[in-house]
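Pasted below: structure29.txt, compact mmCIF, C-alpha atoms.
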```
# COMPACT_ATOMS: atom_id res chain seq x y z
CA MET Z 3 -55.29 14.99 27.68
CA ALA Z 4 -54.73 17.83 25.29
CA GLU Z 5 -56.90 20.90 25.59
CA TYR Z 6 -59.26 21.35 22.67
CA GLU Z 7 -60.29 24.77 21.44
CA PRO Z 8 -63.02 24.66 18.80
CA GLN Z 9 -63.23 26.95 15.82
CA TYR Z 10 -66.31 28.59 14.34
CA VAL Z 11 -68.24 28.41 17.60
CA GLY Z 12 -71.80 29.61 17.16
CA THR Z 13 -71.85 29.07 13.41
CA VAL Z 14 -73.78 26.62 11.31
CA THR Z 15 -72.51 24.98 8.15
CA LYS Z 16 -74.84 23.76 5.44
CA TYR Z 17 -74.40 21.93 2.19
CA VAL Z 18 -76.19 23.20 -0.89
CA PHE Z 19 -76.45 20.52 -3.57
CA ILE Z 20 -77.48 21.26 -7.12
CA ASP Z 21 -78.44 18.77 -9.81
CA SER Z 22 -79.87 21.00 -12.49
CA PRO Z 23 -79.93 21.06 -16.29
CA LEU Z 24 -79.85 24.86 -16.15
CA MET Z 25 -77.14 25.65 -13.60
CA THR Z 26 -73.73 24.36 -12.62
CA PRO Z 27 -72.17 24.54 -9.16
CA LYS Z 28 -70.05 27.39 -10.47
CA ASP Z 29 -73.11 29.37 -11.52
CA LEU Z 30 -74.56 28.75 -8.09
CA ALA Z 31 -71.37 29.91 -6.41
CA ILE Z 32 -71.31 33.14 -8.41
CA HIS Z 33 -74.87 33.96 -7.41
CA ALA Z 34 -74.11 33.09 -3.81
CA TYR Z 35 -71.06 35.35 -3.69
CA GLU Z 36 -73.16 38.21 -5.02
CA VAL Z 37 -75.47 38.04 -2.01
CA SER Z 38 -73.08 36.62 0.58
CA GLU Z 39 -72.60 39.72 2.78
CA GLY Z 40 -69.81 38.11 4.71
CA VAL Z 41 -71.04 34.53 4.83
CA MET Z 42 -68.24 32.06 4.14
CA ILE Z 43 -68.79 30.10 0.94
CA LYS Z 44 -66.84 27.14 -0.35
CA GLU Z 45 -67.54 25.95 -3.88
CA THR Z 46 -67.50 22.18 -4.40
CA CYS Z 47 -68.09 19.77 -7.26
CA PHE Z 48 -71.69 19.26 -6.16
CA GLY Z 49 -72.61 22.78 -5.03
CA LEU Z 50 -71.59 24.79 -1.99
CA GLN Z 51 -70.70 24.72 1.66
CA VAL Z 52 -72.04 27.75 3.48
CA THR Z 53 -70.90 28.82 6.94
CA GLY Z 54 -72.08 31.70 9.10
CA THR Z 55 -74.49 32.61 11.85
CA PRO Z 56 -77.83 30.80 11.59
CA ASP Z 57 -79.72 33.88 10.42
CA GLU Z 58 -77.14 34.75 7.80
CA VAL Z 59 -77.06 31.23 6.45
CA GLU Z 60 -80.83 30.96 6.29
CA ARG Z 61 -81.07 34.24 4.37
CA LEU Z 62 -78.41 33.20 1.88
CA ILE Z 63 -79.93 29.77 1.33
CA ALA Z 64 -83.38 31.24 0.78
CA GLU Z 65 -82.00 33.51 -1.94
CA VAL Z 66 -79.94 30.76 -3.54
CA ARG Z 67 -82.74 28.21 -3.46
CA ALA Z 68 -85.02 30.62 -5.29
CA LEU Z 69 -82.81 30.30 -8.38
CA ASP Z 70 -83.97 26.75 -9.10
CA PRO Z 71 -86.16 25.49 -6.25
CA THR Z 72 -86.79 21.95 -7.41
CA HIS Z 73 -83.17 21.14 -8.21
CA ILE Z 74 -81.42 22.56 -5.13
CA PHE Z 75 -81.18 20.54 -1.94
CA VAL Z 76 -79.91 21.71 1.42
CA LYS Z 77 -78.52 19.75 4.34
CA ASP Z 78 -76.81 20.48 7.64
CA ARG Z 79 -73.14 19.65 8.11
CA GLY Z 80 -71.51 19.07 11.47
CA PHE Z 81 -67.95 20.06 10.63
CA PRO Z 82 -66.86 23.49 9.41
CA PRO Z 83 -65.38 23.77 5.89
CA GLY Z 84 -61.76 22.75 5.58
CA ASP Z 85 -61.78 20.96 8.92
CA GLU Z 86 -58.69 18.76 9.02
CA ARG Z 87 -60.69 15.87 10.42
CA ARG Z 88 -62.84 15.70 7.30
CA CYS Z 89 -61.13 17.63 4.51
CA ARG Z 90 -59.74 15.23 1.94
CA ALA Z 91 -56.72 17.46 1.40
CA ASN Z 92 -55.62 16.04 4.73
CA LEU Z 93 -57.16 12.60 4.55
CA GLY Z 94 -56.82 11.68 0.89
CA GLY Z 95 -59.50 9.94 -1.14
CA ALA Z 96 -63.19 10.71 -0.92
CA ARG Z 97 -64.39 12.80 1.99
CA PRO Z 98 -66.18 10.75 4.65
CA GLY Z 99 -69.88 11.07 3.90
CA TYR Z 100 -69.32 11.73 0.22
CA LEU Z 101 -70.40 8.24 -0.80
CA GLY Z 102 -73.68 8.61 1.03
CA HIS Z 103 -74.37 11.88 -0.76
CA GLU Z 104 -73.41 10.30 -4.07
CA PHE Z 105 -75.87 7.50 -3.41
CA GLU Z 106 -78.73 9.87 -2.73
CA MET Z 107 -77.91 12.16 -5.62
CA ARG Z 108 -78.79 9.27 -7.93
CA ARG Z 109 -82.35 9.56 -6.60
CA VAL Z 110 -82.87 13.29 -6.40
CA ARG Z 111 -84.18 13.43 -9.94
CA TYR Z 112 -87.23 11.53 -8.72
CA ILE Z 113 -87.60 13.96 -5.83
CA THR Z 114 -87.45 16.80 -8.35
CA LYS Z 115 -90.38 15.26 -10.19
CA GLY Z 116 -92.27 15.05 -6.94
CA LEU Z 117 -91.54 18.66 -6.04
CA GLU Z 118 -92.61 19.86 -9.47
CA ALA Z 119 -95.87 17.96 -9.12
CA ALA Z 120 -96.43 19.38 -5.64
CA ALA Z 121 -95.72 22.91 -6.82
CA GLY Z 122 -98.20 22.43 -9.65
CA GLY Z 123 -100.90 21.60 -7.16
CA ALA Z 124 -101.29 18.03 -8.35
CA VAL Z 125 -103.32 15.93 -5.96
CA VAL Z 126 -101.46 12.67 -5.59
CA PRO Z 127 -102.44 9.76 -3.37
CA ALA Z 128 -99.77 9.34 -0.72
CA GLY Z 129 -99.66 5.58 -0.99
CA THR Z 130 -97.89 3.82 -3.82
CA ALA Z 131 -99.14 0.60 -5.34
CA LYS Z 132 -96.19 -1.63 -4.76
CA ARG Z 133 -95.48 -4.17 -7.46
CA THR Z 134 -95.42 -7.63 -5.94
CA PRO Z 135 -92.99 -10.21 -7.24
CA LEU Z 136 -94.32 -13.31 -8.94
CA ASP Z 137 -95.15 -16.02 -6.43
CA ALA Z 138 -92.99 -19.14 -6.72
CA ARG Z 139 -95.99 -21.45 -6.57
CA LYS Z 140 -97.70 -19.59 -9.40
CA LEU Z 141 -94.52 -19.73 -11.44
CA LYS Z 142 -94.33 -23.49 -10.94
CA GLU Z 143 -97.94 -23.88 -12.07
CA MET Z 144 -97.23 -21.88 -15.20
CA MET Z 145 -94.23 -24.04 -15.98
CA GLU Z 146 -96.15 -27.29 -15.48
CA ALA Z 147 -99.05 -26.10 -17.62
CA GLU Z 148 -96.63 -25.63 -20.53
CA GLU Z 149 -98.78 -22.89 -21.98
CA PRO Z 150 -97.33 -20.95 -24.94
CA MET W 13 -92.29 24.13 13.65
CA VAL W 14 -91.81 20.53 14.68
CA LYS W 15 -88.51 18.73 15.24
CA VAL W 16 -88.48 15.73 12.91
CA PHE W 17 -85.87 13.01 13.31
CA ILE W 18 -84.69 11.70 9.96
CA TYR W 19 -83.51 8.14 9.43
CA PRO W 20 -80.96 7.64 7.89
CA ALA W 21 -79.68 10.45 10.05
CA THR W 22 -77.35 11.59 7.28
CA SER W 23 -80.02 11.71 4.58
CA LEU W 24 -79.80 14.69 2.25
CA ILE W 25 -83.21 14.04 0.75
CA LEU W 26 -85.08 13.82 4.04
CA SER W 27 -83.22 16.76 5.53
CA ASP W 28 -84.16 18.96 2.61
CA MET W 29 -87.77 17.78 2.49
CA VAL W 30 -88.35 18.47 6.18
CA ALA W 31 -86.79 21.93 6.02
CA ARG W 32 -88.54 22.77 2.77
CA PHE W 33 -91.95 22.07 4.24
CA GLY W 34 -91.34 24.24 7.25
CA HIS W 35 -90.01 21.98 9.99
CA GLU W 36 -86.66 21.29 11.61
CA PRO W 37 -84.75 18.16 10.55
CA ILE W 38 -82.89 16.39 13.38
CA GLY W 39 -79.93 14.43 12.05
CA SER W 40 -76.34 13.41 12.71
CA ALA W 41 -74.99 16.82 11.81
CA LEU W 42 -76.59 18.52 14.79
CA GLY W 43 -75.06 16.16 17.32
CA ILE W 44 -71.68 16.29 15.62
CA ARG W 45 -71.75 20.08 15.42
CA GLU W 46 -72.54 20.42 19.10
CA ARG W 47 -69.70 18.10 19.98
CA ILE W 48 -66.98 19.75 17.92
CA GLN W 49 -67.97 23.27 18.95
CA THR W 50 -67.64 22.44 22.64
CA PRO W 51 -64.26 23.27 24.19
CA GLY W 52 -62.65 21.22 26.90
CA PHE W 53 -60.03 18.70 27.87
CA GLU W 54 -61.22 16.09 25.46
CA SER W 55 -59.57 13.92 22.88
CA PRO W 56 -59.02 15.63 19.56
CA PRO W 57 -59.44 15.05 16.70
CA LEU W 58 -62.68 13.10 17.08
CA GLN W 59 -63.71 14.31 20.52
CA ILE W 60 -64.47 10.83 21.80
CA THR W 61 -63.47 10.03 25.37
CA PRO W 62 -64.17 7.08 27.66
CA GLU W 63 -67.12 9.11 28.93
CA GLU W 64 -69.10 8.53 25.73
CA PRO W 65 -69.79 4.81 26.27
CA LYS W 66 -70.86 5.67 29.81
CA LYS W 67 -73.37 8.24 28.58
CA GLY W 68 -74.62 5.70 26.10
CA LEU W 69 -75.64 3.44 28.99
CA LYS W 70 -78.84 5.42 29.18
CA TRP W 71 -79.93 3.84 25.90
CA ALA W 72 -77.99 0.59 25.74
CA ALA W 73 -77.02 -1.96 28.35
CA VAL W 74 -73.49 -2.51 29.58
CA GLU W 75 -73.03 -5.69 27.55
CA VAL W 76 -73.67 -3.78 24.34
CA PRO W 77 -70.39 -3.00 22.51
CA SER W 78 -68.89 0.34 23.49
CA GLY W 79 -69.03 1.56 19.89
CA VAL W 80 -72.81 1.30 19.90
CA ARG W 81 -73.06 3.05 23.24
CA GLY W 82 -70.72 5.78 22.03
CA ARG W 83 -72.88 6.41 18.97
CA MET W 84 -76.02 6.43 21.09
CA ALA W 85 -74.43 9.17 23.20
CA ILE W 86 -74.90 11.34 20.10
CA TYR W 87 -78.15 9.94 18.72
CA GLY W 88 -79.94 9.35 22.00
CA PRO W 89 -80.42 13.02 22.91
CA LEU W 90 -81.58 13.76 19.35
CA ILE W 91 -84.19 11.02 19.52
CA GLU W 92 -85.38 12.30 22.87
CA GLU W 93 -85.93 15.82 21.58
CA ALA W 94 -87.57 14.68 18.34
CA GLU W 95 -91.32 15.27 18.07
CA ALA W 96 -91.85 13.17 14.94
CA ALA W 97 -89.78 10.95 12.68
CA ILE W 98 -89.48 9.86 9.07
CA ILE W 99 -87.87 6.47 8.46
CA ILE W 100 -86.58 5.16 5.15
CA ARG W 101 -86.86 1.38 5.18
CA GLU W 102 -84.13 -0.68 3.56
CA ALA W 103 -82.08 2.42 2.86
CA ASP W 104 -79.47 0.33 1.03
CA TYR W 105 -76.53 2.30 2.33
CA ALA W 106 -74.99 2.32 5.74
CA PHE W 107 -71.57 3.84 5.96
CA GLY W 108 -70.04 6.78 7.70
CA CYS W 109 -72.30 7.92 10.51
CA MET W 110 -74.81 5.21 9.53
CA GLY W 111 -72.22 2.46 9.26
CA CYS W 112 -73.09 0.56 12.44
CA ALA W 113 -75.91 -1.92 11.83
CA ARG W 114 -76.59 -2.51 15.52
CA THR W 115 -76.84 1.18 16.24
CA ASN W 116 -79.22 1.52 13.31
CA GLU W 117 -81.43 -1.20 14.74
CA LEU W 118 -81.40 0.45 18.15
CA ILE W 119 -82.26 3.86 16.70
CA GLN W 120 -85.24 2.45 14.85
CA PHE W 121 -86.34 0.58 17.95
CA GLN W 122 -86.13 3.74 20.05
CA LEU W 123 -88.10 5.71 17.49
CA ARG W 124 -90.85 3.13 17.23
CA GLN W 125 -91.10 2.78 21.00
CA SER W 126 -91.21 6.51 21.66
CA GLY W 127 -94.81 7.03 20.60
CA ILE W 128 -94.08 10.01 18.36
CA PRO W 129 -95.74 10.23 14.92
CA LEU W 130 -93.87 8.12 12.38
CA LEU W 131 -93.80 7.96 8.60
CA ASP W 132 -92.32 4.88 6.92
CA LEU W 133 -91.09 5.22 3.35
CA GLU W 134 -88.80 3.67 0.79
CA TYR W 135 -86.50 5.52 -1.55
CA PRO W 136 -88.18 6.27 -4.89
CA SER W 137 -86.94 4.42 -7.97
CA SER W 138 -89.14 6.02 -10.63
CA ASP W 139 -90.80 9.34 -11.41
CA GLU W 140 -94.16 8.09 -10.15
CA ASP W 141 -92.56 6.88 -6.93
CA GLY W 142 -90.91 10.28 -6.54
CA VAL W 143 -94.22 12.09 -6.85
CA ALA W 144 -95.81 9.79 -4.29
CA PHE W 145 -92.76 10.07 -2.00
CA VAL W 146 -92.90 13.87 -1.88
CA ALA W 147 -96.68 13.86 -1.51
CA ALA W 148 -96.49 11.46 1.43
CA ILE W 149 -93.90 13.57 3.22
CA ARG W 150 -95.80 16.76 2.56
CA GLU W 151 -99.03 15.29 3.85
CA PHE W 152 -97.34 13.87 6.95
CA LEU W 153 -95.60 17.13 7.81
CA ALA W 154 -98.74 19.18 7.20
CA GLY W 155 -100.55 16.95 9.66
CA LEU W 156 -98.01 17.71 12.39
CA GLY W 157 -99.18 21.29 12.65
CA GLY W 158 -97.01 24.36 12.49
CA GLU W 159 -96.60 26.66 9.52
CA GLU W 160 -95.96 25.01 6.18
CA GLY W 161 -93.29 26.65 4.06
CA ALA W 162 -93.44 27.23 0.33
CA ALA W 163 -92.79 24.12 -1.74
```

Can you turn what I pasted into structure tokens?
Amino acid sequence: MAEYEPQYVGTVTKYVFIDSPLMTPKDLAIHAYEVSEGVMIKETCFGLQVTGTPDEVERLIAEVRALDPTHIFVKDRGFPPGDERRCRANLGGARPGYLGHEFEMRRVRYITKGLEAAAGGAVVPAGTAKRTPLDARKLKEMMEAEEP
Amino acid sequence: MVKVFIYPATSLILSDMVARFGHEPIGSALGIRERIQTPGFESPPLQITPEEPKKGLKWAAVEVPSGVRGRMAIYGPLIEEAEAAIIIREADYAFGCMGCARTNELIQFQLRQSGIPLLDLEYPSSDEDGVAFVAAIREFLAGLGGEEGAA
């Protein structure tokens, strides 16, 4: 077997997603570069990829998140940026994992509402009254009754 | 700080929520990162060798397909080190790292059998659901102990 020598040993890579009416990924990238202090930053269509030592990355993310706390979401990534096993410049098409992120980004606006409510100190019951579908038997009774 | 396993293990929303409220999310990325940052005579580019299905035998029997056992070689250690878990029911997507339905079933089974604190949720589909979703996670994580971060 071939010998494998990993790159970026000891680093962490994190995604920073933004879905904000006030900022674009480019705005986010500019702010991040201003405070990067050597942390590697890759701008993407949805936000950033940030790579560095754990302490460096945590500091940068804390500063970036402060720009728009309820619209910025952070997640770990296993591969370093530009890794040929995941980078679509090598693979073509959507990056593996992109579709999952796309799916969840359609729901983050609801999470934003939740975070805004939590930040405002709103006391919300944890349970949600789940709407139950109409029972088939009840539907049949309604049909047979022929009520207007 | 408590280690919280997130299911789906690739979930952006859960990962951010757990970190935001002061705990450590345990997901696919951690296992993948450890694997690709480890040097050795292994099989690039994906670092999967015949050893992986053998390691997976700890969590799945020999008659289970090798793909499931290989995935459990990554997820199994994460589940073992997790101190709590948040599970999204009927997550509606299962591709990439979460693309194997049998592995997903086994992960959920392992989590529910482990005795660690669990929170079951569904993805929000309205503003009200979103508020309740975040409140439930916040309440659950606060109850685990440890220092709660700023919202």

8 Å contact set for range 111-125 of chain Z, all atoms listed in the file, chain neighbours under 4 positions out, as number ranges by chain: Z: 21, 72-73, 107; W: 25, 136-147, 163

Shortest interatomic distance to chain Z - which of W:Met13, W:Ala113, W:Ile119, W:Leu26, counting all atoms listed in the file: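 Ranking W:Met13, W:Ala113, W:Ile119, W:Leu26 by distance to chain Z, first place goes to W:Leu26.
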
Residues near range 71-76 of chain W, cut-off 9 Å, only C-alpha atoms, skip fewer than 3 positions along chain, as a PyMOL selection string: chain W and resi 65-68+79-81+84-85+88+118+122

Could you write those residues out with C-alpha atoms, as a short mmCIF file (atom, residue, chain, number, x, y, z; two decimals), in the frame of the given file?
```cif
data_model
loop_
_atom_site.label_atom_id
_atom_site.label_comp_id
_atom_site.auth_asym_id
_atom_site.auth_seq_id
_atom_site.Cartn_x
_atom_site.Cartn_y
_atom_site.Cartn_z
CA PRO W 65 -69.79 4.81 26.27
CA LYS W 66 -70.86 5.67 29.81
CA LYS W 67 -73.37 8.24 28.58
CA GLY W 68 -74.62 5.70 26.10
CA GLY W 79 -69.03 1.56 19.89
CA VAL W 80 -72.81 1.30 19.90
CA ARG W 81 -73.06 3.05 23.24
CA MET W 84 -76.02 6.43 21.09
CA ALA W 85 -74.43 9.17 23.20
CA GLY W 88 -79.94 9.35 22.00
CA LEU W 118 -81.40 0.45 18.15
CA GLN W 122 -86.13 3.74 20.05
#
```

Nearest to Ala64 in chain Z, chosen from W:Leu24, W:Leu123, W:Ala31, W:Leu90, with all atoms listed in the file counted in the distances: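 Nearest candidate to Ala64 in chain Z out of W:Leu24, W:Leu123, W:Ala31, W:Leu90: W:Ala31.
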
Straight-line distance linking CA of Val18 in chain Z with CA of Ala96 in chain W, stated in Å to one decimal: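 Interatomic distance here is 24.4 Å.
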
Interatomic distance (Å, one decimal) between CA of Asp78 in chain Z and CA of Ala41 in chain W: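 The value is 5.8 Å.
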
One-decimal distance in Å that lies between CA of Glu92 in chain W and CA of Tyr17 in chain Z: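 Here the two named atoms are 25.3 Å from each other.
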
Near-range 36-39 of chain W list (6 Å; all atoms listed in the file; drop same-chain fewer than 4 positions) as a list in words: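 In the requested form, the answer reads Lys15, Val16, Phe17, Ile18, Ala21, Ser27, Val30 and Ala31 of chain W.
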
Would you write out those residues with C-alpha atoms, as a tab-separated table (two decimals), keeping the file's coordinate frame?
```
chain	number	residue	atom	x	y	z
W	15	LYS	CA	-88.51	18.73	15.24
W	16	VAL	CA	-88.48	15.73	12.91
W	17	PHE	CA	-85.87	13.01	13.31
W	18	ILE	CA	-84.69	11.70	9.96
W	21	ALA	CA	-79.68	10.45	10.05
W	27	SER	CA	-83.22	16.76	5.53
W	30	VAL	CA	-88.35	18.47	6.18
W	31	ALA	CA	-86.79	21.93	6.02
```
